[in-house]
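*Asks:* File follows, input.tsv with TSV, C-alpha atoms:
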chain	number	residue	atom	x	y	z
A	182	MET	CA	35.44	295.11	108.47
A	183	LEU	CA	34.45	298.38	106.88
A	184	LEU	CA	32.05	296.64	104.48
A	185	PRO	CA	29.32	295.85	107.05
A	186	LEU	CA	29.65	299.49	108.11
A	187	LEU	CA	29.01	300.59	104.54
A	188	LEU	CA	26.16	298.15	104.12
A	189	ARG	CA	24.42	299.28	107.24
A	190	PRO	CA	23.70	302.82	105.98
A	191	SER	CA	22.03	301.43	102.80
A	192	LEU	CA	20.03	299.09	104.90
A	193	CYS	CA	19.12	302.00	107.01
A	194	GLY	CA	18.10	303.97	103.94
A	195	VAL	CA	15.56	301.32	102.78
A	196	GLN	CA	13.79	301.09	106.04
A	197	ALA	CA	14.17	304.74	106.74
A	198	SER	CA	10.68	305.51	107.79
A	199	VAL	CA	10.40	302.71	110.31
A	200	LEU	CA	13.91	302.43	111.72
A	201	LEU	CA	15.08	305.99	111.31
A	202	PRO	CA	15.77	306.76	114.96
A	203	GLY	CA	17.48	303.39	115.45
A	204	CYS	CA	19.42	303.84	112.21
A	205	VAL	CA	20.65	307.23	113.13
A	206	ARG	CA	21.81	305.89	116.46
A	207	THR	CA	23.56	303.00	114.75
A	208	LEU	CA	25.18	305.33	112.23
A	209	HIS	CA	26.35	307.61	114.96
A	210	SER	CA	27.85	304.77	116.96
A	211	GLN	CA	29.46	303.25	113.89
A	212	ALA	CA	30.88	306.58	112.76
A	213	GLY	CA	32.29	307.11	116.15
A	214	HIS	CA	33.68	303.63	116.11
A	215	PHE	CA	35.12	304.17	112.62
A	216	LEU	CA	36.68	307.47	113.58
A	217	ARG	CA	38.20	305.97	116.67
A	218	ARG	CA	39.94	303.28	114.65
A	219	ARG	CA	41.56	305.83	112.38
A	220	LEU	CA	43.18	307.73	115.19
A	221	PRO	CA	47.01	307.58	115.12
A	222	ALA	CA	48.64	305.35	117.64
A	223	ARG	CA	50.18	308.29	119.42
A	224	LEU	CA	46.84	309.66	120.49
A	225	VAL	CA	45.67	306.20	121.38
A	226	ALA	CA	48.70	305.78	123.53
A	227	GLN	CA	48.06	309.08	125.19
A	228	SER	CA	44.58	308.04	125.91
A	229	ARG	CA	45.90	304.85	127.58
A	230	GLY	CA	47.90	306.67	130.16
A	231	ARG	CA	51.16	308.44	130.72
A	232	LYS	CA	53.30	305.32	131.36
A	233	TRP	CA	53.23	303.76	127.92
A	234	ARG	CA	55.35	306.14	125.90
A	235	PRO	CA	58.39	306.35	128.14
A	236	GLN	CA	58.26	302.59	128.46
A	237	GLN	CA	58.36	302.18	124.71
A	238	ASP	CA	61.19	304.68	124.49
A	239	GLU	CA	63.08	302.78	127.10
A	240	TRP	CA	62.63	299.56	125.24
A	241	GLN	CA	63.91	301.20	122.10
A	242	ARG	CA	66.90	302.59	123.97
A	243	ARG	CA	67.61	299.23	125.53
A	244	ASN	CA	67.39	297.55	122.17
A	245	LYS	CA	69.82	300.04	120.73
A	246	THR	CA	72.23	299.49	123.60
A	247	VAL	CA	72.07	295.75	123.19
A	248	LEU	CA	72.61	296.02	119.48
A	249	THR	CA	75.61	298.29	120.05
A	250	TYR	CA	77.10	295.81	122.50
A	251	ILE	CA	76.62	292.94	120.09
A	252	ALA	CA	78.19	294.90	117.26
A	253	ALA	CA	81.13	295.85	119.48
A	254	ALA	CA	81.59	292.22	120.48
A	255	GLY	CA	81.62	291.21	116.84
A	256	VAL	CA	84.23	293.80	115.95
A	257	GLY	CA	86.19	292.82	119.04
A	258	MET	CA	86.24	289.18	117.97
A	259	ILE	CA	87.57	290.09	114.56
A	260	GLY	CA	90.27	292.27	116.09
A	261	LEU	CA	91.19	289.53	118.54
A	262	SER	CA	91.64	287.03	115.76
A	263	TYR	CA	94.09	289.38	114.10
A	264	ALA	CA	95.93	290.09	117.31
A	265	ALA	CA	96.15	286.42	118.20
A	266	VAL	CA	98.98	285.76	115.78
A	267	PRO	CA	101.69	287.91	117.40
A	268	LEU	CA	100.30	287.27	120.85
A	269	TYR	CA	100.60	283.53	120.40
A	270	ARG	CA	104.12	283.92	119.18
A	271	LEU	CA	104.97	285.91	122.30
A	272	TYR	CA	103.35	283.30	124.48
A	273	CYS	CA	105.31	280.55	122.78
A	274	GLN	CA	108.53	282.41	123.36
A	275	ALA	CA	107.74	282.91	127.00
A	276	ALA	CA	106.65	279.34	127.57
A	277	GLY	CA	109.22	277.80	125.27
A	278	LEU	CA	106.72	275.67	123.42
A	279	GLY	CA	107.11	274.30	119.95
A	280	GLY	CA	110.86	274.56	119.91
A	281	THR	CA	110.93	278.29	119.51
A	282	ALA	CA	113.91	280.11	120.82
A	283	VAL	CA	113.79	280.87	124.52
A	284	ALA	CA	113.37	284.58	125.01
A	285	GLY	CA	116.49	286.27	126.24
A	286	HIS	CA	118.90	284.21	124.25
A	287	ASP	CA	121.42	286.70	123.00
A	288	THR	CA	125.10	286.99	122.53
A	289	GLU	CA	125.60	289.08	125.65
A	290	GLN	CA	124.62	286.12	127.73
A	291	VAL	CA	127.82	284.32	126.81
A	292	ALA	CA	129.97	286.86	128.56
A	293	THR	CA	127.99	286.88	131.79
A	294	MET	CA	126.76	283.35	132.25
A	295	THR	CA	128.16	281.17	134.99
A	296	PRO	CA	128.60	277.45	134.55
A	297	VAL	CA	126.35	275.10	136.48
A	298	LYS	CA	129.04	272.72	137.57
A	299	GLU	CA	126.80	270.14	139.19
A	300	ARG	CA	124.98	269.20	136.03
A	301	VAL	CA	127.17	267.26	133.66
A	302	ILE	CA	125.75	266.54	130.26
A	303	LYS	CA	127.13	264.19	127.70
A	304	VAL	CA	127.04	265.54	124.17
A	305	THR	CA	127.45	262.89	121.52
A	306	PHE	CA	128.30	263.68	117.95
A	307	ASN	CA	126.98	262.21	114.80
A	308	ALA	CA	127.98	262.87	111.22
A	309	ASP	CA	126.07	261.99	108.11
A	310	THR	CA	126.38	262.68	104.47
A	311	HIS	CA	123.77	262.54	101.82
A	312	ALA	CA	123.84	259.51	99.57
A	313	SER	CA	125.28	261.37	96.62
A	314	MET	CA	127.79	263.33	98.67
A	315	GLN	CA	131.22	261.84	98.37
A	316	TRP	CA	132.99	263.45	101.28
A	317	ASN	CA	134.20	261.42	104.18
A	318	PHE	CA	132.69	263.22	107.10
A	319	ARG	CA	133.06	262.08	110.68
A	320	PRO	CA	133.37	263.55	114.18
A	321	GLN	CA	136.75	263.56	115.83
A	322	GLN	CA	135.34	262.71	119.22
A	323	THR	CA	132.32	260.57	119.87
A	324	GLU	CA	131.29	262.36	123.03
A	325	ILE	CA	132.22	265.22	125.26
A	326	PHE	CA	131.10	266.08	128.77
A	327	VAL	CA	129.98	269.65	129.25
A	328	VAL	CA	128.12	271.63	131.87
A	329	PRO	CA	125.50	274.26	131.08
A	330	GLY	CA	126.89	277.74	130.91
A	331	GLU	CA	130.31	276.71	129.72
A	332	THR	CA	131.46	277.11	126.14
A	333	ALA	CA	132.77	273.99	124.49
A	334	LEU	CA	134.66	273.15	121.36
A	335	ALA	CA	134.27	270.04	119.23
A	336	PHE	CA	135.73	268.95	115.93
A	337	TYR	CA	134.58	267.18	112.84
A	338	ARG	CA	136.79	266.13	110.00
A	339	ALA	CA	135.90	266.14	106.35
A	340	LYS	CA	137.88	264.73	103.47
A	341	ASN	CA	137.29	264.98	99.78
A	342	PRO	CA	138.62	261.76	98.27
A	343	THR	CA	137.65	262.61	94.71
A	344	ASP	CA	139.58	264.38	92.00
A	345	LYS	CA	137.28	267.32	91.67
A	346	PRO	CA	136.39	270.08	94.11
A	347	ILE	CA	133.12	269.53	95.88
A	348	ILE	CA	131.10	272.18	97.61
A	349	GLY	CA	129.11	271.04	100.56
A	350	ILE	CA	126.50	272.63	102.73
A	351	SER	CA	125.33	271.23	106.00
A	352	THR	CA	122.52	271.36	108.44
A	353	TYR	CA	122.22	270.02	111.93
A	354	ASN	CA	119.78	268.44	114.28
A	355	VAL	CA	119.67	268.18	118.06
A	356	VAL	CA	118.05	265.31	119.91
A	357	PRO	CA	116.12	265.38	122.28
A	358	PHE	CA	113.82	267.85	120.68
A	359	GLU	CA	113.17	270.05	123.72
A	360	ALA	CA	116.83	270.33	124.53
A	361	GLY	CA	117.43	271.82	121.13
A	362	GLN	CA	116.29	275.22	122.27
A	363	TYR	CA	118.97	275.33	124.95
A	364	PHE	CA	121.69	274.28	122.58
A	365	ASN	CA	123.28	277.45	121.26
A	366	LYS	CA	126.00	277.47	118.69
A	367	ILE	CA	128.34	280.40	118.78
A	368	GLN	CA	130.08	279.43	115.61
A	369	CYS	CA	130.11	276.38	113.41
A	370	PHE	CA	130.38	275.37	109.82
A	371	CYS	CA	126.75	274.90	108.92
A	372	PHE	CA	124.45	276.64	106.50
A	373	GLU	CA	127.26	278.04	104.42
A	374	GLU	CA	128.84	276.52	101.39
A	375	GLN	CA	132.17	274.94	102.20
A	376	ARG	CA	134.47	274.04	99.39
A	377	LEU	CA	136.94	271.22	99.55
A	378	ASN	CA	139.58	270.83	96.90
A	379	PRO	CA	140.51	267.41	95.57
A	380	HIS	CA	142.05	265.19	98.22
A	381	GLU	CA	141.82	267.87	100.82
A	382	GLU	CA	141.09	267.18	104.47
A	383	VAL	CA	140.03	269.85	106.94
A	384	ASP	CA	139.06	270.11	110.57
A	385	MET	CA	135.71	271.69	111.19
A	386	PRO	CA	135.13	273.09	114.65
A	387	VAL	CA	131.85	273.67	116.40
A	388	PHE	CA	131.85	276.17	119.24
A	389	PHE	CA	128.76	275.90	121.37
A	390	TYR	CA	127.31	276.12	124.84
A	391	ILE	CA	124.25	274.91	126.65
A	392	ASP	CA	122.11	277.63	128.14
A	393	PRO	CA	122.37	277.70	131.97
A	394	GLU	CA	118.58	277.79	132.17
A	395	PHE	CA	118.67	274.22	131.04
A	396	ASP	CA	119.26	273.23	134.63
A	397	GLU	CA	116.15	275.02	135.81
A	398	ASP	CA	113.75	273.59	133.30
A	399	PRO	CA	111.75	270.78	134.89
A	400	ARG	CA	111.25	269.10	131.56
A	401	MET	CA	114.99	268.72	131.18
A	402	ALA	CA	115.49	267.14	134.57
A	403	ARG	CA	115.96	263.67	133.12
A	404	VAL	CA	117.97	264.67	130.10
A	405	GLU	CA	121.56	263.57	130.40
A	406	THR	CA	122.58	263.08	126.81
A	407	ILE	CA	122.25	265.44	123.93
A	408	THR	CA	123.10	264.34	120.44
A	409	LEU	CA	124.30	266.78	117.86
A	410	SER	CA	123.99	265.48	114.35
A	411	TYR	CA	125.32	267.11	111.21
A	412	THR	CA	124.46	266.18	107.67
A	413	PHE	CA	126.34	267.34	104.63
A	414	PHE	CA	124.78	267.78	101.25
A	415	GLU	CA	126.39	268.64	98.00
A	416	ALA	CA	125.79	272.12	96.69
A	417	LYS	CA	126.05	272.63	92.97
A	418	GLU	CA	125.08	275.52	90.75
A	419	GLY	CA	121.57	275.15	89.54
A	420	GLN	CA	120.96	271.92	91.37
A	421	LYS	CA	118.33	271.72	94.04
A	422	LEU	CA	119.31	270.11	97.29
A	423	PRO	CA	117.75	266.67	97.42
A	424	LEU	CA	115.61	265.84	100.39
A	425	PRO	CA	117.13	263.55	102.99
A	426	GLY	CA	116.03	259.97	102.59
A	427	TYR	CA	115.68	260.03	98.83
A	428	SER	CA	118.35	259.09	96.35
A	429	TYR	CA	118.30	260.27	92.79
A	430	ASN	CA	120.26	257.56	91.04
B	127	MET	CA	116.71	261.88	111.71
B	128	SER	CA	114.13	263.93	109.94
B	129	THR	CA	113.08	261.31	107.45
B	130	ALA	CA	109.80	260.54	109.17
B	131	MET	CA	106.92	262.21	107.40
B	132	ASN	CA	105.30	263.63	110.50
B	133	PHE	CA	103.62	266.89	109.70
B	134	GLY	CA	102.90	267.82	113.28
B	135	SER	CA	103.53	271.22	114.66
B	136	LYS	CA	106.68	270.27	116.49
B	137	THR	CA	109.46	270.40	113.98
B	138	PHE	CA	113.05	271.06	114.72
B	139	LYS	CA	114.04	274.47	113.47
B	140	PRO	CA	117.77	274.77	113.07
B	141	ARG	CA	119.04	278.11	114.12
B	142	PRO	CA	121.98	279.83	112.48
B	143	PRO	CA	125.02	280.19	114.71
B	144	ASP	CA	125.43	283.42	116.63
B	145	LYS	CA	128.64	284.47	115.03
B	146	GLY	CA	128.22	282.82	111.70
B	147	SER	CA	130.31	280.17	110.11
B	148	PHE	CA	133.96	279.32	110.65
B	149	PRO	CA	135.99	279.69	107.49
B	150	LEU	CA	137.68	276.46	106.60
B	151	ASP	CA	141.25	276.02	107.71
B	152	HIS	CA	142.51	274.85	104.35
B	153	PHE	CA	146.18	275.16	105.19
B	154	GLY	CA	146.02	273.57	108.59
B	155	GLU	CA	147.46	276.58	110.32
B	156	CYS	CA	145.83	275.77	113.60
B	157	LYS	CA	146.15	272.04	113.35
B	158	ALA	CA	148.74	271.90	116.12
B	159	PHE	CA	146.43	273.62	118.57
B	160	LYS	CA	143.67	271.29	117.59
B	161	GLU	CA	145.87	268.29	118.21
B	162	THR	CA	146.77	269.60	121.65
B	163	PHE	CA	143.12	270.06	122.43
B	164	MET	CA	142.16	266.60	121.24
B	165	LYS	CA	144.99	265.04	123.22
B	166	CYS	CA	143.84	266.91	126.30
B	167	LEU	CA	140.31	265.60	125.76
B	168	ARG	CA	141.49	262.05	125.38
B	169	ASP	CA	143.61	262.29	128.49
B	170	ASN	CA	140.82	263.75	130.59
B	171	ARG	CA	138.15	261.35	129.41
B	172	PHE	CA	136.53	263.94	127.20
B	173	ASP	CA	135.77	266.35	129.97
B	174	ASN	CA	135.46	269.75	128.40
B	175	SER	CA	135.92	271.69	131.63
B	176	LYS	CA	139.50	270.52	131.89
B	177	CYS	CA	140.50	271.49	128.39
B	178	ARG	CA	139.21	275.01	128.20
B	179	LEU	CA	142.66	276.49	128.10
B	180	GLN	CA	143.47	274.49	124.98
B	181	SER	CA	140.21	275.50	123.34
B	182	LYS	CA	141.01	279.11	124.14
B	183	ASP	CA	144.41	278.67	122.51
B	184	TYR	CA	142.83	277.17	119.44
B	185	LEU	CA	140.41	280.03	119.05
B	186	GLU	CA	143.18	282.55	119.55
B	187	CYS	CA	145.14	280.82	116.79
B	188	ARG	CA	142.15	281.12	114.51
B	189	MET	CA	141.83	284.78	115.26
B	190	ASP	CA	145.51	285.36	114.59
B	191	HIS	CA	145.31	283.71	111.21
B	192	GLN	CA	142.16	285.48	110.14
B	193	LEU	CA	140.13	282.34	110.35
B	194	MET	CA	137.80	283.89	112.87
B	195	ALA	CA	136.57	287.38	113.59
B	196	LYS	CA	138.52	288.90	116.43
B	197	GLU	CA	136.48	288.99	119.58
B	198	PRO	CA	137.38	289.75	123.15
B	199	LEU	CA	137.63	286.43	124.87
B	200	GLU	CA	135.07	287.35	127.52
B	201	LYS	CA	132.46	287.33	124.82
B	202	LEU	CA	133.39	283.76	124.04
B	203	GLY	CA	132.90	282.65	127.60
B	204	PHE	CA	136.54	282.58	128.66
B	205	LYS	CA	136.23	285.27	131.27
B	206	ASP	CA	137.41	282.98	134.04
B	207	LEU	CA	140.54	282.02	132.14
B	208	LEU	CA	141.58	285.59	131.60
B	209	ASP	CA	141.66	286.93	135.14
B	210	PRO	CA	145.29	287.45	136.05
B	211	PRO	CA	145.87	286.15	139.61
B	212	PRO	CA	147.31	289.35	141.21
B	213	SER	CA	144.31	291.50	140.41
B	214	GLN	CA	141.76	288.81	141.18
B	215	ALA	CA	140.75	290.66	144.34
B	216	ASP	CA	139.87	293.69	142.25
B	217	LYS	CA	137.76	291.64	139.88
B	218	ASP	CA	135.93	289.98	142.74
B	219	SER	CA	134.88	293.31	144.16
B	220	LYS	CA	133.34	294.37	140.85
B	221	PRO	CA	129.60	293.73	140.60
Please rewrite the model in this file as structure tokens.
*Replies:*
Amino acid sequence: MLLPLLLRPSLCGVQASVLLPGCVRTLHSQAGHFLRRRLPARLVAQSRGRKWRPQQDEWQRRNKTVLTYIAAAGVGMIGLSYAAVPLYRLYCQAAGLGGTAVAGHDTEQVATMTPVKERVIKVTFNADTHASMQWNFRPQQTEIFVVPGETALAFYRAKNPTDKPIIGISTYNVVPFEAGQYFNKIQCFCFEEQRLNPHEEVDMPVFFYIDPEFDEDPRMARVETITLSYTFFEAKEGQKLPLPGYSYN
Amino acid sequence: MSTAMNFGSKTFKPRPPDKGSFPLDHFGECKAFKETFMKCLRDNRFDNSKCRLQSKDYLECRMDHQLMAKEPLEKLGFKDLLDPPPSQADKDSKP
């Protein structure tokens, strides 16, 4: 764009004698034009009126605000994802989802709870042993009728028919799944190694209660039978407990 | 039981008992109390509410023979079996 401007003066110079007044006028206009282009934008803006600069400033400020908000939202999302873990756990406890313990289940409740006498629940007992476990393990009663809020006692019997001491360890399961969170054991014989000498037979008690809130849970309205199932495994030094359902013969 | 290979989120999580594990009664010291309790259950068609006295006796036997940590019986849910009849009026007035 500047090139035709540069060429024009030389052109003017050749035909100086004839076109001198016109050339000078052209030069003057082009110089003015050239100078005007080189002016900084600030002065140009000033020449366009007083409204343009504050408007641009406002746009810049607005942009900055929007960017700040977006950045804050991004940081907020990251923080929320970290906070979601304990919050979800709290929510699960409050809503009782996923089989987590119902909030408020503590030992003090046993002393103050009142039995809900109208709701009778049948608790059936099941006893299993792992395939390689040689104890005879069975419940001493097939069923018992309890009400929520009342502590109950039940017995299993285990016998070691072999000639060597066997150490067993047990775990339990409660069916139906949702009722399991209301089934509280005060004391039992699970999760600890129990040793039976050769040809020894013992009674194993389970002392439990069903939480009184069981009666108020709408999901439990149709539940009338709860099954408590114990499984005994053999515990030996240095041997890993085999998974249920597999035999290692 | 738990042999199905379902890896869903709902798995049963066994909880340890509140007061731990009963030590084994190797010498059968409380066997008599247990027999009374079982007989009571059989006679009452396995209704636990009717045999609470016998279960209380069994647990007391365990506590006496160091087969169970000593606990006040209210904490084991036997509060209603402990109220002596003459002072029942006093207990009723308590909050």
*Asks:* Residues of chain B near chain A: apply a cut-off of 8 Å, count all atoms listed in the file, and supply the list as a PyMOL selection string.
*Replies:* chain B and resi 127-129+135-140+142-152+154+157+172-175+178+181+200-205
*Asks:* Using only C-alpha atoms, determine which residues lie at most 12 Å from Met189 of chain B, disregarding the query and same-chain residues fewer than 2 positions distant; provide the list as a list of chain:residue names.
*Replies:*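 Selected residues are B:Phe148, B:Pro149, B:Asp151, B:Glu155, B:Cys156, B:Lys182, B:Asp183, B:Tyr184, B:Leu185, B:Glu186, B:Cys187, B:His191, B:Gln192, B:Leu193, B:Met194, B:Ala195, B:Lys196, B:Glu197, B:Pro198, B:Leu199.
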*Asks:* If I take atom CA of Pro320 of chain A and atom CA of Leu409 of chain A, how far is one from the other in Å, to one decimal?
*Replies:*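 Computed distance, atom CA of Pro320 of chain A to atom CA of Leu409 of chain A, equals 10.3 Å.
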*Asks:* Which one of A:Arg338, A:Trp233, A:Pro346, A:Ala265 sits closest to Lys160 of chain B if you count all atoms listed in the file?
*Replies:*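 Of A:Arg338, A:Trp233, A:Pro346, A:Ala265, the one nearest Lys160 of chain B is A:Arg338, counting all atoms listed in the file.
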*Asks:* Could you check how far atom CA of Lys417 of chain A sits from atom CA of Tyr337 of chain A, in Å to one decimal?
*Replies:*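 So the two atoms, atom CA of Lys417 of chain A and atom CA of Tyr337 of chain A, lie 22.3 Å apart.
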*Asks:* May I ask which of the residues A:Leu208, A:Tyr411, A:Ala252, A:Val297 is the closest one to Phe318 of chain A, counting only C-alpha atoms?
*Replies:*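 Of all the options, A:Tyr411 lies closest to Phe318 of chain A.
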*Asks:* Enter the distance from atom CA of Phe159 of chain B to atom CA of Lys340 of chain A, in Å, rounded to one decimal.
*Replies:*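 One can read the atom CA of Phe159 of chain B to atom CA of Lys340 of chain A distance as 19.5 Å.
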